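Asker: This one is target-v1.cif, mmCIF, C-alpha atoms (C1' of nucleotides).
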```
data_final
loop_
_atom_site.label_atom_id
_atom_site.label_comp_id
_atom_site.auth_asym_id
_atom_site.auth_seq_id
_atom_site.Cartn_x
_atom_site.Cartn_y
_atom_site.Cartn_z
CA MET D 106 93.87 -139.49 95.60
CA ALA D 107 92.38 -137.22 98.29
CA ALA D 108 94.94 -137.81 101.04
CA ASP D 109 96.43 -134.80 102.79
CA PRO D 110 99.96 -133.66 101.78
CA LEU D 111 101.67 -135.06 104.86
CA SER D 112 100.12 -138.49 104.36
CA ARG D 113 101.20 -138.48 100.73
CA VAL D 114 104.82 -137.66 101.61
CA PHE D 115 105.08 -140.25 104.39
CA SER D 116 103.35 -142.81 102.21
CA ALA D 117 105.66 -142.10 99.28
CA LEU D 118 108.74 -142.62 101.45
CA ALA D 119 107.36 -145.79 103.04
CA ASP D 120 108.63 -147.72 100.02
CA PRO D 121 112.35 -148.63 100.02
CA THR D 122 112.59 -148.46 96.24
CA ARG D 123 111.21 -144.93 96.30
CA ARG D 124 113.56 -143.88 99.10
CA ASP D 125 116.39 -145.31 97.05
CA MET D 126 115.33 -143.19 94.10
CA VAL D 127 115.29 -140.10 96.29
CA ALA D 128 118.81 -140.97 97.41
CA ARG D 129 119.88 -141.27 93.78
CA LEU D 130 118.23 -137.96 92.90
CA ALA D 131 120.00 -136.18 95.73
CA LEU D 132 123.14 -136.66 93.64
CA GLY D 133 121.56 -134.91 90.67
CA ASP D 134 118.70 -135.05 88.19
CA ALA D 135 118.13 -138.24 86.24
CA THR D 136 115.93 -139.65 83.49
CA VAL D 137 113.42 -142.42 84.04
CA ASN D 138 115.68 -144.92 82.31
CA GLU D 139 118.66 -143.95 84.43
CA LEU D 140 116.55 -144.30 87.56
CA ALA D 141 115.20 -147.65 86.45
CA ALA D 142 118.61 -149.16 85.70
CA PRO D 143 119.46 -150.47 89.20
CA TYR D 144 116.13 -152.23 89.69
CA ASP D 145 114.85 -155.48 88.32
CA VAL D 146 111.39 -154.20 87.50
CA SER D 147 109.68 -152.93 84.38
CA LEU D 148 110.04 -149.32 83.27
CA GLN D 149 106.31 -148.92 83.84
CA ALA D 150 106.69 -149.81 87.50
CA VAL D 151 109.39 -147.17 87.87
CA SER D 152 107.17 -144.68 86.09
CA LYS D 153 104.46 -145.41 88.64
CA HIS D 154 106.86 -144.91 91.54
CA LEU D 155 107.84 -141.56 90.09
CA LYS D 156 104.20 -140.57 89.83
CA VAL D 157 103.78 -141.29 93.52
CA LEU D 158 106.85 -139.21 94.36
CA GLU D 159 105.59 -136.43 92.10
CA ASP D 160 102.10 -136.45 93.65
CA ALA D 161 103.79 -136.14 97.03
CA GLY D 162 105.66 -133.10 95.78
CA LEU D 163 109.02 -134.76 96.38
CA VAL D 164 109.96 -134.65 92.74
CA SER D 165 109.26 -132.61 89.62
CA ARG D 166 109.61 -133.55 85.98
CA SER D 167 110.45 -131.29 83.07
CA ARG D 168 110.71 -132.10 79.39
CA GLU D 169 113.92 -132.22 77.41
CA ALA D 170 113.54 -133.74 73.96
CA GLN D 171 111.85 -137.10 74.51
CA ARG D 172 113.47 -137.41 77.91
CA ARG D 173 111.73 -136.48 81.19
CA PRO D 174 114.47 -135.44 83.64
CA VAL D 175 113.41 -135.96 87.25
CA HIS D 176 114.39 -133.38 89.85
CA LEU D 177 114.33 -133.72 93.63
CA GLU D 178 112.37 -130.97 95.41
CA ALA D 179 113.78 -130.17 98.84
CA GLN D 180 110.98 -127.97 100.18
CA VAL D 181 108.56 -130.81 100.96
CA PHE D 182 111.05 -132.33 103.37
CA ASP D 183 110.42 -129.37 105.64
CA LEU D 184 106.78 -130.37 105.97
CA MET D 185 107.85 -133.67 107.48
CA THR D 186 110.68 -132.28 109.54
CA LYS D 187 108.35 -129.72 111.08
CA TRP D 188 105.80 -132.36 112.03
CA ILE D 189 108.41 -134.75 113.38
CA GLU D 190 110.31 -132.15 115.38
CA ARG D 191 107.13 -130.94 116.99
CA TYR D 192 106.26 -134.27 118.57
CA ARG D 193 109.77 -135.57 119.05
CA ARG D 194 110.56 -132.54 121.12
CA ALA D 195 107.42 -132.98 123.22
CA ALA D 196 108.17 -136.64 123.85
CA GLU D 197 111.78 -135.92 124.69
CA GLN D 198 110.89 -133.16 127.10
CA ARG D 199 108.57 -135.44 129.00
CA TYR D 200 111.33 -138.01 129.07
CA ARG D 201 113.88 -135.53 130.31
CA ARG D 202 111.43 -134.38 132.97
CA LEU D 203 111.23 -137.93 134.30
CA ASP D 204 114.99 -138.08 134.09
CA ASP D 205 115.25 -135.01 136.29
CA VAL D 206 112.92 -136.54 138.82
CA LEU D 207 115.07 -139.64 139.01
CA ALA D 208 118.24 -137.56 139.24
CA ALA D 209 116.79 -135.48 142.04
CA MET D 210 115.71 -138.56 143.99
CA PRO D 211 117.90 -139.18 147.06
CA ASP D 212 119.97 -142.35 146.84
CA ASP D 213 118.49 -143.94 149.96
CA VAL D 214 114.93 -143.90 148.70
CA SER D 215 113.77 -147.31 147.49
CA PRO D 216 111.33 -147.13 144.54
CA THR D 217 109.05 -149.81 146.00
CA THR D 218 108.82 -148.68 149.63
CA GLY D 219 109.00 -144.93 149.28
CA GLN D 220 110.63 -142.61 151.82
CA GLU D 221 111.05 -144.34 155.19
CA GLY D 222 114.16 -142.87 156.75
CA PRO D 223 114.22 -142.37 160.58
CA SER D 224 112.96 -139.04 161.90
CA MET K 464 105.77 -158.06 108.36
CA ALA K 465 109.30 -158.15 106.93
CA ALA K 466 109.67 -154.50 106.00
CA ASP K 467 112.76 -152.62 107.13
CA PRO K 468 112.47 -150.31 110.18
CA LEU K 469 112.46 -147.09 108.17
CA SER K 470 109.66 -148.32 105.93
CA ARG K 471 107.63 -149.32 108.97
CA VAL K 472 107.98 -145.90 110.58
CA PHE K 473 107.13 -143.95 107.44
CA SER K 474 104.27 -146.31 106.72
CA ALA K 475 102.91 -145.98 110.25
CA LEU K 476 102.89 -142.19 110.01
CA ALA K 477 101.31 -142.20 106.55
CA ASP K 478 97.91 -142.53 108.22
CA PRO K 479 96.35 -139.31 109.59
CA THR K 480 94.56 -141.14 112.41
CA ARG K 481 97.86 -142.61 113.55
CA ARG K 482 99.64 -139.25 113.34
CA ASP K 483 96.81 -137.82 115.40
CA MET K 484 97.36 -140.50 118.03
CA VAL K 485 101.05 -139.66 118.16
CA ALA K 486 100.12 -136.01 118.65
CA ARG K 487 97.84 -137.02 121.51
CA LEU K 488 100.53 -139.19 123.08
CA ALA K 489 103.05 -136.36 122.95
CA LEU K 490 100.94 -134.80 125.69
CA GLY K 491 101.28 -137.86 127.87
CA ASP K 492 100.56 -141.58 128.08
CA ALA K 493 97.02 -142.77 127.45
CA THR K 494 94.96 -145.94 127.50
CA VAL K 495 93.42 -147.51 124.42
CA ASN K 496 89.99 -146.28 125.42
CA GLU K 497 91.20 -142.74 125.90
CA LEU K 498 92.91 -142.81 122.54
CA ALA K 499 89.83 -144.21 120.85
CA ALA K 500 87.44 -141.58 122.25
CA PRO K 501 87.90 -138.88 119.56
CA TYR K 502 87.36 -141.25 116.65
CA ASP K 503 84.22 -142.72 115.23
CA VAL K 504 85.65 -146.20 114.76
CA SER K 505 85.53 -149.42 116.74
CA LEU K 506 87.93 -150.04 119.59
CA GLN K 507 89.36 -152.92 117.60
CA ALA K 508 90.34 -150.61 114.78
CA VAL K 509 92.18 -148.38 117.26
CA SER K 510 93.88 -151.43 118.72
CA LYS K 511 95.12 -152.30 115.23
CA HIS K 512 96.45 -148.79 114.69
CA LEU K 513 98.35 -149.06 117.95
CA LYS K 514 99.82 -152.37 116.86
CA VAL K 515 101.14 -150.70 113.72
CA LEU K 516 102.66 -147.88 115.78
CA GLU K 517 104.15 -150.40 118.17
CA ASP K 518 105.63 -152.53 115.38
CA ALA K 519 107.21 -149.34 114.04
CA GLY K 520 108.74 -148.73 117.46
CA LEU K 521 106.94 -145.42 117.81
CA VAL K 522 105.02 -146.57 120.85
CA SER K 523 105.36 -149.00 123.74
CA ARG K 524 102.69 -150.54 125.94
CA SER K 525 102.96 -151.55 129.57
CA ARG K 526 100.40 -153.16 131.83
CA GLU K 527 98.64 -151.43 134.71
CA ALA K 528 95.72 -153.40 136.15
CA GLN K 529 93.56 -154.32 133.17
CA ARG K 530 94.61 -151.17 131.36
CA ARG K 531 97.39 -151.01 128.73
CA PRO K 532 98.87 -147.51 128.91
CA VAL K 533 100.46 -146.45 125.62
CA HIS K 534 103.71 -144.50 125.70
CA LEU K 535 105.33 -142.51 122.90
CA GLU K 536 108.93 -143.48 122.16
CA ALA K 537 111.02 -140.56 120.93
CA GLN K 538 114.11 -142.43 119.77
CA VAL K 539 112.63 -143.78 116.53
CA PHE K 540 112.01 -140.26 115.31
CA ASP K 541 115.76 -139.87 115.00
CA LEU K 542 115.87 -142.66 112.44
CA MET K 543 113.60 -140.64 110.18
CA THR K 544 115.19 -137.31 110.91
CA LYS K 545 118.60 -138.70 110.04
CA TRP K 546 117.40 -140.08 106.73
CA ILE K 547 115.49 -136.93 105.82
CA GLU K 548 118.26 -134.53 106.78
CA ARG K 549 120.76 -136.47 104.75
CA TYR K 550 118.93 -136.04 101.46
CA ARG K 551 117.30 -132.72 102.18
CA ARG K 552 120.72 -131.24 102.76
CA ALA K 553 122.06 -132.72 99.54
CA ALA K 554 119.14 -131.40 97.53
CA GLU K 555 119.37 -127.98 99.14
CA GLN K 556 123.10 -127.74 98.52
CA ARG K 557 122.62 -128.44 94.85
CA TYR K 558 119.91 -125.81 94.82
CA ARG K 559 122.05 -123.28 96.63
CA ARG K 560 124.92 -123.99 94.27
CA LEU K 561 122.73 -122.94 91.35
CA ASP K 562 121.65 -119.97 93.41
CA ASP K 563 125.27 -118.93 93.83
CA VAL K 564 125.86 -119.19 90.11
CA LEU K 565 122.92 -116.92 89.46
CA ALA K 566 124.02 -114.49 92.16
CA ALA K 567 127.55 -114.36 90.79
CA MET K 568 126.30 -113.65 87.29
CA PRO K 569 126.87 -110.01 86.23
CA ASP K 570 123.67 -108.05 85.82
CA ASP K 571 124.27 -107.23 82.16
CA VAL K 572 124.57 -110.83 81.11
CA SER K 573 121.52 -112.10 79.30
CA PRO K 574 120.81 -115.78 80.01
CA THR K 575 120.19 -116.51 76.32
CA THR K 576 123.12 -114.63 74.74
CA GLY K 577 125.91 -115.22 77.24
CA GLN K 578 128.53 -112.71 78.38
CA GLU K 579 128.78 -109.67 76.12
CA GLY K 580 129.46 -106.68 78.37
CA PRO K 581 132.10 -104.06 77.45
CA SER K 582 135.65 -104.67 78.64
"C1'" DA Z 1075 108.20 -141.40 55.83
"C1'" DA Z 1076 110.12 -145.26 58.56
"C1'" DA Z 1077 112.38 -146.73 62.45
"C1'" DC Z 1078 114.14 -146.25 66.86
"C1'" DT Z 1079 114.16 -144.15 71.74
"C1'" DT Z 1080 111.90 -142.69 75.78
"C1'" DG Z 1081 108.24 -142.78 78.51
"C1'" DT Z 1082 103.14 -143.10 79.74
"C1'" DC Z 1083 98.38 -145.12 79.76
"C1'" DA Z 1084 95.16 -149.03 80.49
"C1'" DA Z 1085 93.77 -153.37 82.09
"C1'" DC Z 1086 94.64 -156.94 84.95
"C1'" DC Z 1087 96.19 -159.60 89.26
"C1'" DA Z 1088 97.89 -160.93 94.02
"C1'" DG Z 1089 98.60 -159.17 98.42
"C1'" DC Z 1090 98.27 -155.66 101.97
"C1'" DT Z 1091 95.27 -152.25 104.69
"C1'" DG Z 1092 91.72 -150.33 107.42
"C1'" DG Z 1093 87.44 -151.20 108.59
"C1'" DT Z 1094 83.73 -154.29 110.45
"C1'" DT Z 1095 81.52 -157.92 113.88
"C1'" DG Z 1096 81.68 -161.68 117.24
"C1'" DA Z 1097 84.18 -164.21 120.50
"C1'" DA Z 1098 87.61 -164.50 123.95
"C1'" DC Z 1099 91.01 -163.27 127.42
"C1'" DA Z 1100 92.64 -160.55 131.79
"C1'" DA Z 1101 91.95 -158.21 135.89
"C1'" DA Z 1102 89.17 -155.73 139.28
"C1'" DT Z 1103 84.67 -155.75 141.68
"C1'" DG Z 1104 80.02 -157.30 143.41
"C1'" DC R 773 82.07 -167.30 141.51
"C1'" DA R 774 79.64 -164.08 138.28
"C1'" DT R 775 79.98 -159.64 136.32
"C1'" DT R 776 81.82 -155.64 134.53
"C1'" DT R 777 85.70 -153.19 132.38
"C1'" DG R 778 89.50 -152.98 129.15
"C1'" DT R 779 91.62 -154.91 125.40
"C1'" DT R 780 92.89 -158.27 121.92
"C1'" DC R 781 92.16 -162.17 118.50
"C1'" DA R 782 89.93 -164.12 114.31
"C1'" DA R 783 87.43 -164.02 110.20
"C1'" DC R 784 85.73 -161.43 106.73
"C1'" DC R 785 85.28 -157.59 103.12
"C1'" DA R 786 86.14 -153.49 99.98
"C1'" DG R 787 89.64 -150.73 98.25
"C1'" DC R 788 94.42 -149.47 97.55
"C1'" DT R 789 99.26 -150.86 96.00
"C1'" DG R 790 103.01 -152.60 93.37
"C1'" DG R 791 103.78 -155.48 89.96
"C1'" DT R 792 102.91 -157.30 85.23
"C1'" DT R 793 102.03 -156.97 79.82
"C1'" DG R 794 100.44 -154.66 75.60
"C1'" DA R 795 99.43 -150.55 73.12
"C1'" DC R 796 100.71 -146.08 71.89
"C1'" DA R 797 102.27 -141.18 72.03
"C1'" DA R 798 106.12 -137.92 71.44
"C1'" DG R 799 110.68 -136.85 69.51
"C1'" DT R 800 114.82 -137.92 67.18
"C1'" DT R 801 117.36 -140.11 63.56
"C1'" DT R 802 118.10 -142.09 59.14
#
```
As structure tokens, how would this structure be written, given the file I've shared?
Answerer:
Amino acid sequence: MAADPLSRVFSALADPTRRDMVARLALGDATVNELAAPYDVSLQAVSKHLKVLEDAGLVSRSREAQRRPVHLEAQVFDLMTKWIERYRRAAEQRYRRLDDVLAAMPDDVSPTTGQEGPS
Amino acid sequence: MAADPLSRVFSALADPTRRDMVARLALGDATVNELAAPYDVSLQAVSKHLKVLEDAGLVSRSREAQRRPVHLEAQVFDLMTKWIERYRRAAEQRYRRLDDVLAAMPDDVSPTTGQEGPS
DNA sequence: AAACTTGTCAACCAGCTGGTTGAACAAATG
DNA sequence: CATTTGTTCAACCAGCTGGTTGACAAGTTT
């Protein structure tokens, strides 16, 4: 498992079951059994999903008797948000720039023929 | 390819090469050849990567002579941002709530013994 | 100590992924 | 029309992924 942190986070959230678990954990900590309840898969499969989320840093597990409460970690989200915002903003700016060009274009200029008004 | 949109986007960005391409495209449109230049893989591999990005809605391709300029689409980013913000905020609020509890706790209260300060 | 609860580890399997090569298609150019 | 340029399609392969089952470790309960 040598992937960079960002790849691990995106990859972890690429699975709908895992995103669902994150949604559940946003409401509060939960045990593996509690998390497994809604899904029609083995407990082992859920355990694996949690390992993926943990390796991505999205989740942490403590020990409490024989239970392993799972806790959502908010910090890692920032890693994604930072990356996304960076490029979204760039793409949007370029878009807006084109928008300005179109807005500034006089109404009587046809896109196909270019400016051709009488002198 | 039956995955939901959100899974497709996260999955597409889980690959560092693909994230790199998005970064490149944030600077402006590019052809497949231009995008392939920095990487030591076949053009076909790059073409596949672009297909993944396109299927995720992160990118669109037009036609211009025999070239296929690739364009970054900003809208899809919002899908992710919305999802992330929703759960990040929830997790942070729960965190902050605990923070408030700790902050409101009188200094002379030991966590293990409970309140025992003089009246 | 025995039994039950909670969860993980290990081995296995089918299907997806990212890479390859070779052929083919599309459009401009000689 | 033949060639070159730009890109995609098809078949194949190794490795990862998400699922399974069986064994077992750790802790609690009786």
Asker: Can you work out which residues from chain D touch chain R at a cut-off of 12 Å (counting only C-alpha atoms (C1' of nucleotides)) and hand them back as a list in words?
Answerer: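 Going by the stated atoms only, the list reads Met106, Ser116, Ala117, Ala119, Asp120, Thr122, Arg123, Asp145, Val146, Ser147, Leu148, Gln149, Ala150, Val151, Ser152, Lys153, His154, Val157, Arg168, Glu169, Ala170, Gln171, Arg172 and Arg173 of chain D.
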Asker: So what do you get for CA of Ala135 in chain D versus CA of Ser165 in chain D, distance-wise?
Answerer: 11.0 Å
Asker: Evaluated on this file, the PyMOL selection byres ((chain Z) within 10 of (chain D)) picks out some residues - which ones are they, written as a PyMOL selection string?
Answerer: chain Z and resi 1079-1083
Asker: Generate a file of the selected residues that holds C-alpha atoms (C1' of nucleotides), formatted as a JSON list (two decimals), keeping the file's coordinate frame.
Answerer:
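Result file follows (again_14.json):
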```json
[["chain", "number", "residue", "atom", "x", "y", "z"],
["Z", 1079, "DT", "C1'", 114.16, -144.15, 71.74],
["Z", 1080, "DT", "C1'", 111.90, -142.69, 75.78],
["Z", 1081, "DG", "C1'", 108.24, -142.78, 78.51],
["Z", 1082, "DT", "C1'", 103.14, -143.10, 79.74],
["Z", 1083, "DC", "C1'", 98.38, -145.12, 79.76]]
```
Asker: Written as a list in words, which residues does the PyMOL selection byres ((chain D) within 7 of (chain K)) give for the file shown?
Answerer: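 Listing what the PyMOL selection byres ((chain D) within 7 of (chain K)) selects in the shown file: Ser112, Arg113, Phe115, Ser116, Leu118, Ala119, Asp120, Pro121, Ala128, Ala131, Leu177, Ala179, Phe182, Thr186, Ile189, Tyr192, Arg193, Ala195, Ala196 and Glu197 of chain D.
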Asker: What gap, in Å, lies between CA of Pro532 in chain K and CA of Ala499 in chain K?
Answerer: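 Distance between the two atoms: 12.6 Å.
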Asker: Please, what distance in Å, to one decimal, runs between CA of Lys187 in chain D and CA of Ala161 in chain D?
Answerer: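 Value for the CA of Lys187 in chain D-CA of Ala161 in chain D distance: 16.1 Å.
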Asker: Could the centre and edge lengths of an axis-aligned box, enclosing all atoms of range 122-126 of chain D in the file with 5 Å extra on each side, be given in Å to one decimal as AutoDock Vina command-line options?
Answerer:
```
--center_x 113.8 --center_y -145.8 --center_z 96.6 --size_x 15.2 --size_y 15.3 --size_z 15.0
```
